[in-house]
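Listing of final-v7.pdb; format and content: PDB, N, CA and C atoms.
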```pdb
ATOM      1  N   MET A   1       9.449   8.385   7.564
ATOM      2  CA  MET A   1       8.578   9.517   7.792
ATOM      3  C   MET A   1       8.367   9.658   9.303
ATOM      4  N   GLN A   2       8.530  10.862   9.799
ATOM      5  CA  GLN A   2       8.308  11.128  11.206
ATOM      6  C   GLN A   2       6.975  11.844  11.357
ATOM      7  N   ILE A   3       6.162  11.358  12.274
ATOM      8  CA  ILE A   3       4.866  11.979  12.532
ATOM      9  C   ILE A   3       5.099  13.166  13.457
ATOM     10  N   LYS A   4       4.629  14.336  13.050
ATOM     11  CA  LYS A   4       4.900  15.559  13.800
ATOM     12  C   LYS A   4       3.790  15.917  14.785
ATOM     13  N   THR A   5       2.587  15.448  14.519
ATOM     14  CA  THR A   5       1.473  15.851  15.379
ATOM     15  C   THR A   5       1.622  15.294  16.793
ATOM     16  N   GLN A   6       1.171  16.079  17.748
ATOM     17  CA  GLN A   6       1.143  15.636  19.138
ATOM     18  C   GLN A   6      -0.250  15.130  19.529
ATOM     19  N   ASP A   7      -1.178  15.181  18.603
ATOM     20  CA  ASP A   7      -2.564  14.772  18.851
ATOM     21  C   ASP A   7      -2.620  13.250  18.948
ATOM     22  N   LYS A   8      -2.955  12.751  20.130
ATOM     23  CA  LYS A   8      -2.985  11.308  20.384
ATOM     24  C   LYS A   8      -4.010  10.594  19.514
ATOM     25  N   ILE A   9      -5.119  11.247  19.241
ATOM     26  CA  ILE A   9      -6.158  10.639  18.403
ATOM     27  C   ILE A   9      -5.621  10.436  16.991
ATOM     28  N   VAL A  10      -4.997  11.460  16.436
ATOM     29  CA  VAL A  10      -4.423  11.361  15.094
ATOM     30  C   VAL A  10      -3.342  10.278  15.075
ATOM     31  N   GLN A  11      -2.523  10.223  16.103
ATOM     32  CA  GLN A  11      -1.480   9.198  16.180
ATOM     33  C   GLN A  11      -2.085   7.791  16.193
ATOM     34  N   GLU A  12      -3.183   7.615  16.919
ATOM     35  CA  GLU A  12      -3.853   6.311  16.954
ATOM     36  C   GLU A  12      -4.371   5.920  15.572
ATOM     37  N   VAL A  13      -4.971   6.879  14.865
ATOM     38  CA  VAL A  13      -5.502   6.598  13.529
ATOM     39  C   VAL A  13      -4.365   6.257  12.569
ATOM     40  N   ILE A  14      -3.285   7.001  12.631
ATOM     41  CA  ILE A  14      -2.138   6.727  11.762
ATOM     42  C   ILE A  14      -1.598   5.330  12.045
ATOM     43  N   ASN A  15      -1.519   4.970  13.307
ATOM     44  CA  ASN A  15      -1.035   3.639  13.680
ATOM     45  C   ASN A  15      -1.963   2.552  13.123
ATOM     46  N   LYS A  16      -3.270   2.776  13.208
ATOM     47  CA  LYS A  16      -4.223   1.803  12.671
ATOM     48  C   LYS A  16      -4.075   1.668  11.157
ATOM     49  N   ILE A  17      -3.878   2.775  10.460
ATOM     50  CA  ILE A  17      -3.673   2.736   9.004
ATOM     51  C   ILE A  17      -2.407   1.934   8.688
ATOM     52  N   ASP A  18      -1.358   2.180   9.451
ATOM     53  CA  ASP A  18      -0.099   1.471   9.243
ATOM     54  C   ASP A  18      -0.293  -0.032   9.444
ATOM     55  N   GLN A  19      -0.964  -0.404  10.522
ATOM     56  CA  GLN A  19      -1.195  -1.826  10.798
ATOM     57  C   GLN A  19      -2.068  -2.463   9.707
ATOM     58  N   ARG A  20      -3.075  -1.734   9.249
ATOM     59  CA  ARG A  20      -3.947  -2.243   8.183
ATOM     60  C   ARG A  20      -3.156  -2.430   6.893
ATOM     61  N   SER A  21      -2.234  -1.530   6.611
ATOM     62  CA  SER A  21      -1.398  -1.652   5.430
ATOM     63  C   SER A  21      -0.553  -2.923   5.493
ATOM     64  N   LEU A  22      -0.003  -3.209   6.653
ATOM     65  CA  LEU A  22       0.808  -4.416   6.812
ATOM     66  C   LEU A  22      -0.032  -5.676   6.591
ATOM     67  N   VAL A  23      -1.267  -5.670   7.096
ATOM     68  CA  VAL A  23      -2.173  -6.808   6.883
ATOM     69  C   VAL A  23      -2.454  -6.982   5.391
ATOM     70  N   GLY A  24      -2.736  -5.862   4.711
ATOM     71  CA  GLY A  24      -2.998  -5.909   3.275
ATOM     72  C   GLY A  24      -1.802  -6.412   2.482
ATOM     73  N   GLN A  25      -0.609  -5.971   2.859
ATOM     74  CA  GLN A  25       0.595  -6.415   2.159
ATOM     75  C   GLN A  25       0.812  -7.912   2.340
ATOM     76  N   ALA A  26       0.547  -8.396   3.553
ATOM     77  CA  ALA A  26       0.689  -9.829   3.803
ATOM     78  C   ALA A  26      -0.367 -10.627   3.030
ATOM     79  N   LYS A  27      -1.563 -10.095   2.982
ATOM     80  CA  LYS A  27      -2.667 -10.800   2.310
ATOM     81  C   LYS A  27      -2.495 -10.826   0.797
ATOM     82  N   TYR A  28      -2.112  -9.676   0.215
ATOM     83  CA  TYR A  28      -2.054  -9.567  -1.245
ATOM     84  C   TYR A  28      -0.639  -9.641  -1.808
ATOM     85  N   GLY A  29       0.364  -9.621  -0.943
ATOM     86  CA  GLY A  29       1.746  -9.751  -1.398
ATOM     87  C   GLY A  29       2.288  -8.532  -2.114
ATOM     88  N   ALA A  30       1.632  -7.395  -1.913
ATOM     89  CA  ALA A  30       2.091  -6.176  -2.592
ATOM     90  C   ALA A  30       1.537  -4.959  -1.870
ATOM     91  N   THR A  31       2.217  -3.824  -2.082
ATOM     92  CA  THR A  31       1.691  -2.560  -1.581
ATOM     93  C   THR A  31       0.740  -1.997  -2.627
ATOM     94  N   MET A  32      -0.011  -0.984  -2.267
ATOM     95  CA  MET A  32      -0.887  -0.344  -3.244
ATOM     96  C   MET A  32      -0.069   0.280  -4.370
ATOM     97  N   MET A  33       1.078   0.851  -4.018
ATOM     98  CA  MET A  33       1.945   1.439  -5.049
ATOM     99  C   MET A  33       2.453   0.356  -6.000
ATOM    100  N   ASP A  34       2.767  -0.822  -5.454
ATOM    101  CA  ASP A  34       3.173  -1.936  -6.313
ATOM    102  C   ASP A  34       2.063  -2.280  -7.309
ATOM    103  N   GLU A  35       0.824  -2.239  -6.839
ATOM    104  CA  GLU A  35      -0.307  -2.555  -7.710
ATOM    105  C   GLU A  35      -0.467  -1.519  -8.828
ATOM    106  N   ILE A  36      -0.182  -0.259  -8.509
ATOM    107  CA  ILE A  36      -0.258   0.797  -9.530
ATOM    108  C   ILE A  36       0.895   0.634 -10.526
ATOM    109  N   GLN A  37       2.101   0.554 -10.003
ATOM    110  CA  GLN A  37       3.281   0.492 -10.872
ATOM    111  C   GLN A  37       3.312  -0.791 -11.702
ATOM    112  N   GLY A  38       2.817  -1.887 -11.135
ATOM    113  CA  GLY A  38       2.781  -3.150 -11.872
ATOM    114  C   GLY A  38       1.548  -3.288 -12.734
ATOM    115  N   GLU A  39       0.734  -2.233 -12.729
ATOM    116  CA  GLU A  39      -0.511  -2.195 -13.502
ATOM    117  C   GLU A  39      -1.437  -3.361 -13.151
ATOM    118  N   VAL A  40      -1.383  -3.773 -11.873
ATOM    119  CA  VAL A  40      -2.286  -4.810 -11.381
ATOM    120  C   VAL A  40      -3.689  -4.233 -11.268
ATOM    121  N   LYS A  41      -3.756  -2.976 -10.855
ATOM    122  CA  LYS A  41      -5.040  -2.286 -10.730
ATOM    123  C   LYS A  41      -4.986  -0.978 -11.498
ATOM    124  N   ASP A  42      -6.092  -0.686 -12.153
ATOM    125  CA  ASP A  42      -6.214   0.601 -12.826
ATOM    126  C   ASP A  42      -7.195   1.476 -12.034
ATOM    127  N   LEU A  43      -7.431   2.665 -12.526
ATOM    128  CA  LEU A  43      -8.316   3.607 -11.841
ATOM    129  C   LEU A  43      -9.696   3.009 -11.599
ATOM    130  N   ASP A  44     -10.247   2.340 -12.604
ATOM    131  CA  ASP A  44     -11.584   1.764 -12.450
ATOM    132  C   ASP A  44     -11.614   0.732 -11.329
ATOM    133  N   ARG A  45     -10.597  -0.100 -11.238
ATOM    134  CA  ARG A  45     -10.562  -1.133 -10.192
ATOM    135  C   ARG A  45     -10.462  -0.492  -8.804
ATOM    136  N   PHE A  46      -9.682   0.575  -8.680
ATOM    137  CA  PHE A  46      -9.608   1.279  -7.399
ATOM    138  C   PHE A  46     -10.960   1.890  -7.043
ATOM    139  N   LEU A  47     -11.664   2.443  -8.045
ATOM    140  CA  LEU A  47     -12.987   3.016  -7.782
ATOM    141  C   LEU A  47     -13.995   1.940  -7.382
ATOM    142  N   VAL A  48     -13.905   0.767  -7.995
ATOM    143  CA  VAL A  48     -14.767  -0.356  -7.587
ATOM    144  C   VAL A  48     -14.456  -0.733  -6.145
ATOM    145  N   ASP A  49     -13.176  -0.779  -5.782
ATOM    146  CA  ASP A  49     -12.785  -1.083  -4.395
ATOM    147  C   ASP A  49     -13.374  -0.065  -3.424
ATOM    148  N   VAL A  50     -13.286   1.212  -3.782
ATOM    149  CA  VAL A  50     -13.837   2.273  -2.928
ATOM    150  C   VAL A  50     -15.341   2.075  -2.775
ATOM    151  N   GLN A  51     -16.017   1.822  -3.884
ATOM    152  CA  GLN A  51     -17.466   1.626  -3.852
ATOM    153  C   GLN A  51     -17.833   0.445  -2.955
ATOM    154  N   GLU A  52     -17.108  -0.651  -3.069
ATOM    155  CA  GLU A  52     -17.384  -1.823  -2.226
ATOM    156  C   GLU A  52     -17.144  -1.521  -0.749
ATOM    157  N   GLU A  53     -16.067  -0.783  -0.464
ATOM    158  CA  GLU A  53     -15.771  -0.429   0.931
ATOM    159  C   GLU A  53     -16.853   0.472   1.512
ATOM    160  N   ILE A  54     -17.349   1.410   0.702
ATOM    161  CA  ILE A  54     -18.421   2.298   1.178
ATOM    162  C   ILE A  54     -19.687   1.501   1.447
ATOM    163  N   MET A  55     -19.997   0.548   0.577
ATOM    164  CA  MET A  55     -21.182  -0.289   0.810
ATOM    165  C   MET A  55     -21.013  -1.098   2.090
ATOM    166  N   ASP A  56     -19.815  -1.634   2.318
ATOM    167  CA  ASP A  56     -19.550  -2.362   3.567
ATOM    168  C   ASP A  56     -19.726  -1.436   4.766
ATOM    169  N   ALA A  57     -19.216  -0.204   4.649
ATOM    170  CA  ALA A  57     -19.333   0.760   5.743
ATOM    171  C   ALA A  57     -20.800   1.036   6.073
ATOM    172  N   LEU A  58     -21.632   1.156   5.042
ATOM    173  CA  LEU A  58     -23.065   1.377   5.274
ATOM    174  C   LEU A  58     -23.687   0.208   6.033
ATOM    175  N   LEU A  59     -23.278  -0.996   5.703
ATOM    176  CA  LEU A  59     -23.788  -2.169   6.417
ATOM    177  C   LEU A  59     -23.343  -2.158   7.880
ATOM    178  N   TYR A  60     -22.079  -1.790   8.117
ATOM    179  CA  TYR A  60     -21.571  -1.718   9.490
ATOM    180  C   TYR A  60     -22.318  -0.645  10.286
ATOM    181  N   ILE A  61     -22.604   0.482   9.652
ATOM    182  CA  ILE A  61     -23.347   1.551  10.327
ATOM    183  C   ILE A  61     -24.736   1.064  10.708
ATOM    184  N   GLN A  62     -25.414   0.391   9.790
ATOM    185  CA  GLN A  62     -26.764  -0.099  10.079
ATOM    186  C   GLN A  62     -26.741  -1.136  11.195
ATOM    187  N   ALA A  63     -25.772  -2.035  11.160
ATOM    188  CA  ALA A  63     -25.648  -3.044  12.214
ATOM    189  C   ALA A  63     -25.360  -2.377  13.561
ATOM    190  N   ALA A  64     -24.493  -1.365  13.565
ATOM    191  CA  ALA A  64     -24.175  -0.650  14.805
ATOM    192  C   ALA A  64     -25.407   0.057  15.351
ATOM    193  N   ARG A  65     -26.235   0.618  14.463
ATOM    194  CA  ARG A  65     -27.473   1.275  14.898
ATOM    195  C   ARG A  65     -28.398   0.276  15.577
ATOM    196  N   HIS A  66     -28.476  -0.942  15.042
ATOM    197  CA  HIS A  66     -29.297  -1.979  15.670
ATOM    198  C   HIS A  66     -28.763  -2.311  17.063
ATOM    199  N   CYS A  67     -27.449  -2.451  17.175
ATOM    200  CA  CYS A  67     -26.836  -2.739  18.480
ATOM    201  C   CYS A  67     -27.127  -1.614  19.466
ATOM    202  N   LEU A  68     -26.974  -0.379  19.020
ATOM    203  CA  LEU A  68     -27.212   0.769  19.888
ATOM    204  C   LEU A  68     -28.664   0.810  20.334
ATOM    205  N   ARG A  69     -29.580   0.579  19.398
ATOM    206  CA  ARG A  69     -31.001   0.569  19.729
ATOM    207  C   ARG A  69     -31.290  -0.495  20.791
ATOM    208  N   ASP A  70     -30.713  -1.680  20.618
ATOM    209  CA  ASP A  70     -30.908  -2.757  21.589
ATOM    210  C   ASP A  70     -30.341  -2.379  22.960
ATOM    211  N   GLU A  71     -29.165  -1.754  22.965
ATOM    212  CA  GLU A  71     -28.549  -1.352  24.230
ATOM    213  C   GLU A  71     -29.380  -0.282  24.929
ATOM    214  N   ILE A  72     -29.912   0.670  24.179
ATOM    215  CA  ILE A  72     -30.748   1.722  24.768
ATOM    216  C   ILE A  72     -32.015   1.119  25.347
ATOM    217  N   GLU A  73     -32.631   0.221  24.590
ATOM    218  CA  GLU A  73     -33.853  -0.426  25.069
ATOM    219  C   GLU A  73     -33.582  -1.213  26.344
ATOM    220  N   GLU A  74     -32.474  -1.948  26.377
ATOM    221  CA  GLU A  74     -32.126  -2.724  27.567
ATOM    222  C   GLU A  74     -31.865  -1.814  28.762
ATOM    223  N   ALA A  75     -31.167  -0.703  28.538
ATOM    224  CA  ALA A  75     -30.882   0.237  29.626
ATOM    225  C   ALA A  75     -32.175   0.839  30.170
ATOM    226  N   MET A  76     -33.099   1.170  29.279
ATOM    227  CA  MET A  76     -34.365   1.748  29.732
ATOM    228  C   MET A  76     -35.181   0.722  30.516
ATOM    229  N   LEU A  77     -35.197  -0.535  30.070
ATOM    230  CA  LEU A  77     -35.913  -1.581  30.803
ATOM    231  C   LEU A  77     -35.285  -1.798  32.176
ATOM    232  N   ASN A  78     -33.956  -1.811  32.232
ATOM    233  CA  ASN A  78     -33.268  -1.963  33.522
ATOM    234  C   ASN A  78     -33.607  -0.802  34.446
ATOM    235  N   ARG A  79     -33.645   0.387  33.897
ATOM    236  CA  ARG A  79     -33.972   1.568  34.703
ATOM    237  C   ARG A  79     -35.398   1.475  35.236
ATOM    238  N   MET A  80     -36.314   1.017  34.389
ATOM    239  CA  MET A  80     -37.703   0.878  34.830
ATOM    240  C   MET A  80     -37.824  -0.194  35.901
ATOM    241  N   ASN A  81     -37.052  -1.265  35.796
ATOM    242  CA  ASN A  81     -37.077  -2.318  36.807
ATOM    243  C   ASN A  81     -36.575  -1.808  38.142
ATOM    244  N   VAL A  82     -35.526  -0.989  38.129
ATOM    245  CA  VAL A  82     -34.993  -0.415  39.367
ATOM    246  C   VAL A  82     -36.044   0.485  39.998
ATOM    247  N   ILE A  83     -36.687   1.301  39.178
ATOM    248  CA  ILE A  83     -37.710   2.200  39.704
ATOM    249  C   ILE A  83     -38.880   1.392  40.253
ATOM    250  N   GLY A  84     -39.277   0.330  39.530
ATOM    251  CA  GLY A  84     -40.375  -0.519  39.987
ATOM    252  C   GLY A  84     -40.059  -1.172  41.320
ATOM    253  N   GLN A  85     -38.804  -1.527  41.547
ATOM    254  CA  GLN A  85     -38.390  -2.156  42.796
ATOM    255  C   GLN A  85     -38.385  -1.162  43.948
ATOM    256  N   ASN A  86     -38.351   0.126  43.639
ATOM    257  CA  ASN A  86     -38.335   1.156  44.675
ATOM    258  C   ASN A  86     -39.737   1.631  45.030
ATOM    259  N   GLY A  87     -40.747   0.854  44.671
ATOM    260  CA  GLY A  87     -42.113   1.218  45.025
ATOM    261  C   GLY A  87     -42.857   1.993  43.968
ATOM    262  N   ASN A  88     -42.202   2.361  42.913
ATOM    263  CA  ASN A  88     -42.842   3.084  41.820
ATOM    264  C   ASN A  88     -43.512   2.059  40.916
ATOM    265  N   ASP A  89     -44.505   2.478  40.171
ATOM    266  CA  ASP A  89     -45.190   1.549  39.277
ATOM    267  C   ASP A  89     -44.407   1.282  37.994
ATOM    268  N   GLY A  90     -43.268   1.956  37.786
ATOM    269  CA  GLY A  90     -42.438   1.740  36.613
ATOM    270  C   GLY A  90     -42.957   2.444  35.375
ATOM    271  N   LEU A  91     -44.074   3.144  35.474
ATOM    272  CA  LEU A  91     -44.637   3.803  34.313
ATOM    273  C   LEU A  91     -44.164   5.238  34.186
ATOM    274  N   HIS A  92     -43.608   5.791  35.250
ATOM    275  CA  HIS A  92     -43.059   7.129  35.179
ATOM    276  C   HIS A  92     -41.850   7.197  36.110
ATOM    277  N   TYR A  93     -41.082   8.212  35.938
ATOM    278  CA  TYR A  93     -39.869   8.352  36.717
ATOM    279  C   TYR A  93     -40.062   9.371  37.823
ATOM    280  N   ASP A  94     -39.534   9.043  38.998
ATOM    281  CA  ASP A  94     -39.491  10.019  40.073
ATOM    282  C   ASP A  94     -38.203  10.803  39.925
ATOM    283  N   ILE A  95     -38.315  12.105  39.896
ATOM    284  CA  ILE A  95     -37.138  12.942  39.751
ATOM    285  C   ILE A  95     -36.947  13.711  41.040
ATOM    286  N   GLU A  96     -35.774  13.570  41.619
ATOM    287  CA  GLU A  96     -35.459  14.299  42.831
ATOM    288  C   GLU A  96     -34.690  15.548  42.459
ATOM    289  N   VAL A  97     -35.088  16.663  43.025
ATOM    290  CA  VAL A  97     -34.395  17.916  42.774
ATOM    291  C   VAL A  97     -33.687  18.308  44.046
ATOM    292  N   ASN A  98     -32.391  18.471  43.975
ATOM    293  CA  ASN A  98     -31.606  18.873  45.138
ATOM    294  C   ASN A  98     -31.337  20.361  45.061
ATOM    295  N   ASP A  99     -31.126  20.967  46.238
ATOM    296  CA  ASP A  99     -30.757  22.373  46.249
ATOM    297  C   ASP A  99     -29.467  22.566  45.484
ATOM    298  N   GLU A 100     -29.387  23.674  44.780
ATOM    299  CA  GLU A 100     -28.169  23.968  44.029
ATOM    300  C   GLU A 100     -27.031  24.248  44.996
ATOM    301  N   GLU A 101     -25.868  23.772  44.607
ATOM    302  CA  GLU A 101     -24.685  24.064  45.411
ATOM    303  C   GLU A 101     -24.066  25.345  44.881
ATOM    304  N   ILE A 102     -23.544  26.142  45.786
ATOM    305  CA  ILE A 102     -22.845  27.345  45.388
ATOM    306  C   ILE A 102     -21.404  26.956  45.111
ATOM    307  N   LEU A 103     -20.938  27.291  43.913
ATOM    308  CA  LEU A 103     -19.569  26.909  43.531
ATOM    309  C   LEU A 103     -18.578  27.946  43.953
TER
END
```
Final structure tokens representation of the file:
Amino acid sequence: MQIKTQDKIVQEVINKIDQRSLVGQAKYGATMMDEIQGEVKDLDRFLVDVQEEIMDALLYIQAARHCLRDEIEEAMLNRMNVIGQNGNDGLHYDIEVNDEEIL
């Protein structure tokens, strides 16, 4: 199969899917089609797999939100420390307004 899209993002995702498929084949010793044709998995088992993957995805999203919250809090504290070091009390921000440049 030749990939026709010139979109680099789509190409990256396709490459990741391909690499993940190879990992799965090595881990389970079969392709998904092999599992269907060999009747290793039926529709219900595939739906259970999907459900489990979605639950895992929800956990990853929640964990990522915690990381993001921590990073935002750290960035704000760092910003307040910089402002505090510049003679400000750190409780509010000094905003400098520069004249607009003519483009």
What does the distance from atom C of Met33 (chain A) to atom C of Arg45 (chain A) come to in Å, to one decimal? 13.2 Å
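Here CA of Gly24 (chain A) is placed at a distance of 13.3 Å from CA of Asp49 (chain A).
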Just how far from CA of Lys4 (chain A) is atom N of Gln19 (chain A), in Å to one decimal? 17.3 Å
Quick one: axis-aligned box around all listed atoms of region 8-18 of chain A, 4 Å on every side, centre and edge lengths in Å to one decimal, written as AutoDock Vina command-line options.
```
--center_x -3.1 --center_y 6.4 --center_z 14.5 --size_x 14.1 --size_y 20.8 --size_z 19.7
```
